[in-house]
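Report on the following structure.
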Amino acid sequence: MRATTRLRRLIEAPEILVLPGVHDALGALLAEQAGFRALTAGGFGASATLLARPDSSQLGMSEMAEYYARLCDATGLPMFADADTGFGNITNVARTVRSYEKAGIAGLFVEDQVFPKRCGHMEGKAVVPLPEFIAKIKAALDARVDADLVVMARTDARVVNGLDDAILRMQAARAAGADMAFVEAPASLAEMRRICAEIDAPCLANNVEGGLSPVLPAAELQALGYAVVVFPVAATFTVAKALQELYAALKRDGTTEAARSSMVDFAAFNELIGLAAQRRRETELQDFADRLVADRAAAGKPIRKHGRG
């Protein structure tokens, strides 16, 4: 089954879909090994890991498409992607969708912020007029090659214009054909409950630790009516703290001994990234090649070198 179809079915299932955020290929592999059924990766983590910079439209579309291609190569799980503002107008949106599909993603969202955008939990956001946003959503839907590719509409209008406008925008996006709706940064449980009640689409909750919205367990979000919850930055925050502590200990002590209990050891790390399986495959292929050459030689049909030299 295609990754797009798998993601769509997970979203449509009665149980809320929990998407852990990953920001690199190793994280994607570890999340798969932990038993998750799908993953997400956003611009916040990408900007942090690729540039060590804030999420403020510093990465271009091609950079993000290449980033997602690496993540998708590392895991067989469906990947839900951040298409930002579409990186321009409706023509750019269409190219973004095609490029992301080629990278292997199973779903994406397009948002209504003014470019250059910023993280949805930062101050100073602005949104484009509703018709411009809806045109982008339609462009994304029309550009997809795989009809099961999930296209979600995201609005940041809650902080800019208020909740009424945010809900109106999502209702219009749904009418245009969007598969999902994402109202960023609701301020209370009452707002979250209203979002799910008034938008006739699977809704996504964004659990950003330290952000503007309540961070709730998946079960509570499901009870409110959400179909999907993402934890987009938890891994990035965790890695940042772990590395701060490691480097502080190394600078202080001249050794990593104080941090050893938090490390995976050398052998275990090689196992989790598949070194043993890689070596077995290399041996299998070399044995195959050796047998083929030996069998042909025994049959009087040695493999000769072609061409010059």
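Going by the structure tokens order, chains are called A, B, ..., each with residues numbered from 1, while ligands are numbered from 1 in the order shown.
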
Name the residues in contact with Ala139 (chain A) at a cut-off of 10 Å, using only C-alpha atoms, excluding same-chain residues fewer than 5 positions from it; report them as number ranges by chain.
A: 86, 89-95, 97, 133-134, 144

Go ahead and dump the residues you just picked, N, CA and C atoms, as a CSV table (one decimal), in the first residue's frame.
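Result went into out_10.csv, see below:
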chain,number,residue,atom,x,y,z
A,86,GLY,N,4.0,27.7,0.7
A,86,GLY,CA,4.1,27.3,-0.7
A,86,GLY,C,5.3,27.9,-1.4
A,89,ASN,N,3.7,32.2,-4.9
A,89,ASN,CA,2.4,32.3,-5.4
A,89,ASN,C,1.8,30.9,-5.8
A,90,ILE,N,0.7,30.9,-6.5
A,90,ILE,CA,0.1,29.6,-6.8
A,90,ILE,C,1.0,28.8,-7.7
A,91,THR,N,1.8,29.4,-8.5
A,91,THR,CA,2.7,28.6,-9.4
A,91,THR,C,3.7,28.0,-8.6
A,92,ASN,N,4.3,28.7,-7.6
A,92,ASN,CA,5.3,28.1,-6.7
A,92,ASN,C,4.7,27.0,-5.8
A,93,VAL,N,3.4,27.2,-5.4
A,93,VAL,CA,2.7,26.1,-4.6
A,93,VAL,C,2.7,24.8,-5.4
A,94,ALA,N,2.3,24.9,-6.7
A,94,ALA,CA,2.2,23.7,-7.5
A,94,ALA,C,3.6,23.0,-7.7
A,95,ARG,N,4.6,23.8,-7.9
A,95,ARG,CA,6.0,23.2,-8.0
A,95,ARG,C,6.4,22.6,-6.7
A,97,VAL,N,4.4,21.2,-4.4
A,97,VAL,CA,3.7,19.9,-4.3
A,97,VAL,C,4.4,18.8,-5.1
A,133,PHE,N,-5.3,32.8,-0.2
A,133,PHE,CA,-5.0,31.6,0.5
A,133,PHE,C,-5.8,30.4,-0.2
A,134,ILE,N,-7.0,30.6,-0.4
A,134,ILE,CA,-7.8,29.6,-1.0
A,134,ILE,C,-7.3,29.2,-2.4
A,144,ARG,N,-1.2,17.8,-7.3
A,144,ARG,CA,-0.8,16.4,-6.8
A,144,ARG,C,-1.0,15.4,-7.9

So that I can check the surroundings of Thr96 (chain A), please list as a PDB file with C-alpha atoms, in the first residue's frame every protein, DNA and RNA residue that reaches within 10 Å of it, counting only C-alpha atoms and ignoring chain neighbours fewer than 6 positions away.
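File result32.pdb, as written:
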ATOM      1  CA  MET A  61      11.797  24.977  -1.345  1.00  0.00           C
ATOM      2  CA  SER A  62      14.544  22.938  -2.988  1.00  0.00           C
ATOM      3  CA  MET A  64      13.274  21.436   2.031  1.00  0.00           C
ATOM      4  CA  ALA A  65      12.475  18.934  -0.735  1.00  0.00           C
ATOM      5  CA  ALA A  83       5.101  23.139   2.753  1.00  0.00           C
ATOM      6  CA  ASP A  84       5.240  26.521   4.463  1.00  0.00           C
ATOM      7  CA  THR A  85       3.440  29.224   2.433  1.00  0.00           C
ATOM      8  CA  GLY A  86       4.103  27.271  -0.749  1.00  0.00           C
ATOM      9  CA  PHE A  87       7.249  29.383  -1.170  1.00  0.00           C
ATOM     10  CA  GLY A  88       5.519  31.990  -3.324  1.00  0.00           C
ATOM     11  CA  ILE A  90       0.090  29.606  -6.770  1.00  0.00           C
ATOM     12  CA  LYS A 102       9.023  13.249  -5.755  1.00  0.00           C
ATOM     13  CA  VAL A 110       0.042  24.950   3.051  1.00  0.00           C
ATOM     14  CA  ALA A 140      -1.882  22.348  -4.199  1.00  0.00           C
ATOM     15  CA  ALA A 143      -0.879  19.762  -8.613  1.00  0.00           C
ATOM     16  CA  ARG A 144      -0.769  16.448  -6.802  1.00  0.00           C
TER      17      ARG A 144
END

Give me every helix (DSSP H, G or I) residue in region 27-230 of chain A, going by DSSP on the backbone, as JSON, numbers by chain.
{"A": [27, 28, 29, 30, 31, 32, 33, 43, 44, 45, 46, 47, 48, 49, 50, 51, 61, 62, 63, 64, 65, 66, 67, 68, 69, 70, 71, 72, 73, 74, 90, 91, 92, 93, 94, 95, 96, 97, 98, 99, 100, 101, 102, 103, 130, 131, 132, 133, 134, 135, 136, 137, 138, 139, 140, 141, 142, 143, 157, 158, 159, 160, 161, 163, 164, 165, 166, 167, 168, 169, 170, 171, 172, 173, 174, 175, 176, 189, 190, 191, 192, 193, 194, 195, 196, 197, 198, 218, 219, 220, 221, 222, 223, 224]}

Shell of 10 Å around Ala166 (chain A), only C-alpha atoms, local chain residues under 2 positions omitted, as a ChimeraX atom specification:
/A:154-164,168-171,182-184,186,195

Got time to write the residues from that selection, N, CA and C atoms, as a compact mmCIF listing (two decimals), in the first residue's frame?
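Wrote it out as part_32.txt, contents follow:
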# COMPACT_ATOMS: atom_id res chain seq x y z
N ARG A 154 -3.65 25.17 6.63
CA ARG A 154 -3.29 25.71 7.94
C ARG A 154 -3.55 27.21 7.94
N THR A 155 -4.12 27.70 9.04
CA THR A 155 -4.28 29.14 9.19
C THR A 155 -3.62 29.63 10.48
N ASP A 156 -2.97 30.78 10.38
CA ASP A 156 -2.41 31.46 11.54
C ASP A 156 -3.25 32.67 11.92
N ALA A 157 -4.48 32.72 11.43
CA ALA A 157 -5.34 33.89 11.63
C ALA A 157 -5.83 34.03 13.06
N ARG A 158 -5.78 32.96 13.86
CA ARG A 158 -6.28 33.06 15.25
C ARG A 158 -5.60 34.18 15.99
N VAL A 159 -4.29 34.28 15.92
CA VAL A 159 -3.55 35.31 16.65
C VAL A 159 -3.67 36.66 15.96
N VAL A 160 -3.83 36.66 14.65
CA VAL A 160 -3.84 37.90 13.87
C VAL A 160 -5.22 38.56 13.87
N ASN A 161 -6.25 37.78 13.52
CA ASN A 161 -7.59 38.33 13.33
C ASN A 161 -8.64 37.79 14.30
N GLY A 162 -8.29 36.78 15.07
CA GLY A 162 -9.25 36.19 15.98
C GLY A 162 -9.75 34.84 15.51
N LEU A 163 -10.38 34.11 16.43
CA LEU A 163 -10.80 32.75 16.16
C LEU A 163 -11.88 32.68 15.09
N ASP A 164 -12.81 33.62 15.07
CA ASP A 164 -13.88 33.57 14.06
C ASP A 164 -13.32 33.55 12.66
N LEU A 168 -13.48 30.56 9.82
CA LEU A 168 -14.01 30.87 8.50
C LEU A 168 -13.04 30.45 7.41
N ARG A 169 -11.77 30.71 7.61
CA ARG A 169 -10.75 30.35 6.62
C ARG A 169 -10.68 28.83 6.43
N MET A 170 -10.77 28.09 7.52
CA MET A 170 -10.71 26.63 7.41
C MET A 170 -11.97 26.07 6.77
N GLN A 171 -13.10 26.67 7.05
CA GLN A 171 -14.34 26.23 6.38
C GLN A 171 -14.25 26.47 4.87
N PHE A 182 -6.07 22.86 10.04
CA PHE A 182 -5.14 23.13 11.14
C PHE A 182 -5.23 24.60 11.51
N VAL A 183 -5.89 24.87 12.64
CA VAL A 183 -5.91 26.23 13.20
C VAL A 183 -4.77 26.32 14.19
N GLU A 184 -3.77 27.10 13.87
CA GLU A 184 -2.59 27.24 14.72
C GLU A 184 -2.87 28.15 15.91
N PRO A 186 -4.53 27.97 19.05
CA PRO A 186 -5.70 28.27 19.88
C PRO A 186 -5.24 28.46 21.33
N ILE A 195 -13.16 24.71 17.52
CA ILE A 195 -12.51 24.42 16.24
C ILE A 195 -12.99 23.08 15.70

Would you mind writing down, as a PDB file with C-alpha atoms, in the first residue's frame, each residue of region 85-219 of chain A that DSSP on the backbone assigns to strand (DSSP E or B)?
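Output below, filename selection34.pdb:
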ATOM      1  CA  GLY A 107       1.012  14.538   3.103  1.00  0.00           C
ATOM      2  CA  LEU A 108       1.696  18.246   3.488  1.00  0.00           C
ATOM      3  CA  PHE A 109       0.167  21.506   4.614  1.00  0.00           C
ATOM      4  CA  VAL A 110       0.042  24.950   3.051  1.00  0.00           C
ATOM      5  CA  GLU A 111      -0.491  27.971   5.297  1.00  0.00           C
ATOM      6  CA  GLN A 113       1.018  33.526   6.504  1.00  0.00           C
ATOM      7  CA  VAL A 127      -1.803  36.491   7.018  1.00  0.00           C
ATOM      8  CA  VAL A 150      -3.048  14.435   1.952  1.00  0.00           C
ATOM      9  CA  VAL A 151      -3.297  18.214   1.570  1.00  0.00           C
ATOM     10  CA  MET A 152      -3.999  20.110   4.772  1.00  0.00           C
ATOM     11  CA  ALA A 153      -4.878  23.782   5.073  1.00  0.00           C
ATOM     12  CA  ARG A 154      -3.295  25.712   7.940  1.00  0.00           C
ATOM     13  CA  THR A 155      -4.277  29.144   9.191  1.00  0.00           C
ATOM     14  CA  MET A 180      -7.602  18.432   6.733  1.00  0.00           C
ATOM     15  CA  ALA A 181      -7.694  21.629   8.772  1.00  0.00           C
ATOM     16  CA  PHE A 182      -5.137  23.125  11.144  1.00  0.00           C
ATOM     17  CA  VAL A 183      -5.913  26.225  13.202  1.00  0.00           C
ATOM     18  CA  CYS A 203      -8.487  18.653  12.551  1.00  0.00           C
ATOM     19  CA  LEU A 204      -4.869  18.677  13.676  1.00  0.00           C
ATOM     20  CA  ALA A 205      -3.604  19.750  17.111  1.00  0.00           C
ATOM     21  CA  ASN A 206      -0.088  21.126  17.487  1.00  0.00           C
TER      22      ASN A 206
END

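Within 6 Å of region 21-37 of chain A there are Thr40, Ala41, Gly45, Ala46, Leu71, Ala74, Thr75, Phe231 and Pro232 of chain A, counting only C-alpha atoms and ignoring same-chain residues fewer than 2 positions away.
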
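Closest to His121 (chain A) among A:Val228, A:Val208, A:Leu77, A:Ala147 is A:Val208, based on only C-alpha atoms.
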
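Distances here use only C-alpha atoms; by that measure, the residue among A:Ser56, A:Gln278, A:Thr49, A:Thr255 closest to Gly124 (chain A) is A:Ser56.
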
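With only C-alpha atoms as the atoms that count, the minimum distance from Gln58 (chain A) to the choices A:Val264, A:Val233, A:Cys119, A:Ala178 is reached by A:Cys119.
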
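Our summary of the geometry notes that CA of Ala219 (chain A) is positioned 21.5 Å from CA of Arg6 (chain A).
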
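Atom pair CA of Ser213 (chain A) / CA of Ser188 (chain A) has a distance of 6.6 Å (rounded to one decimal).
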
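Take the candidates A:Ile105, A:Ala218, A:Cys196, A:Met1 and check each one against Val230 (chain A) using only C-alpha atoms; the shortest distance goes to A:Ala218.
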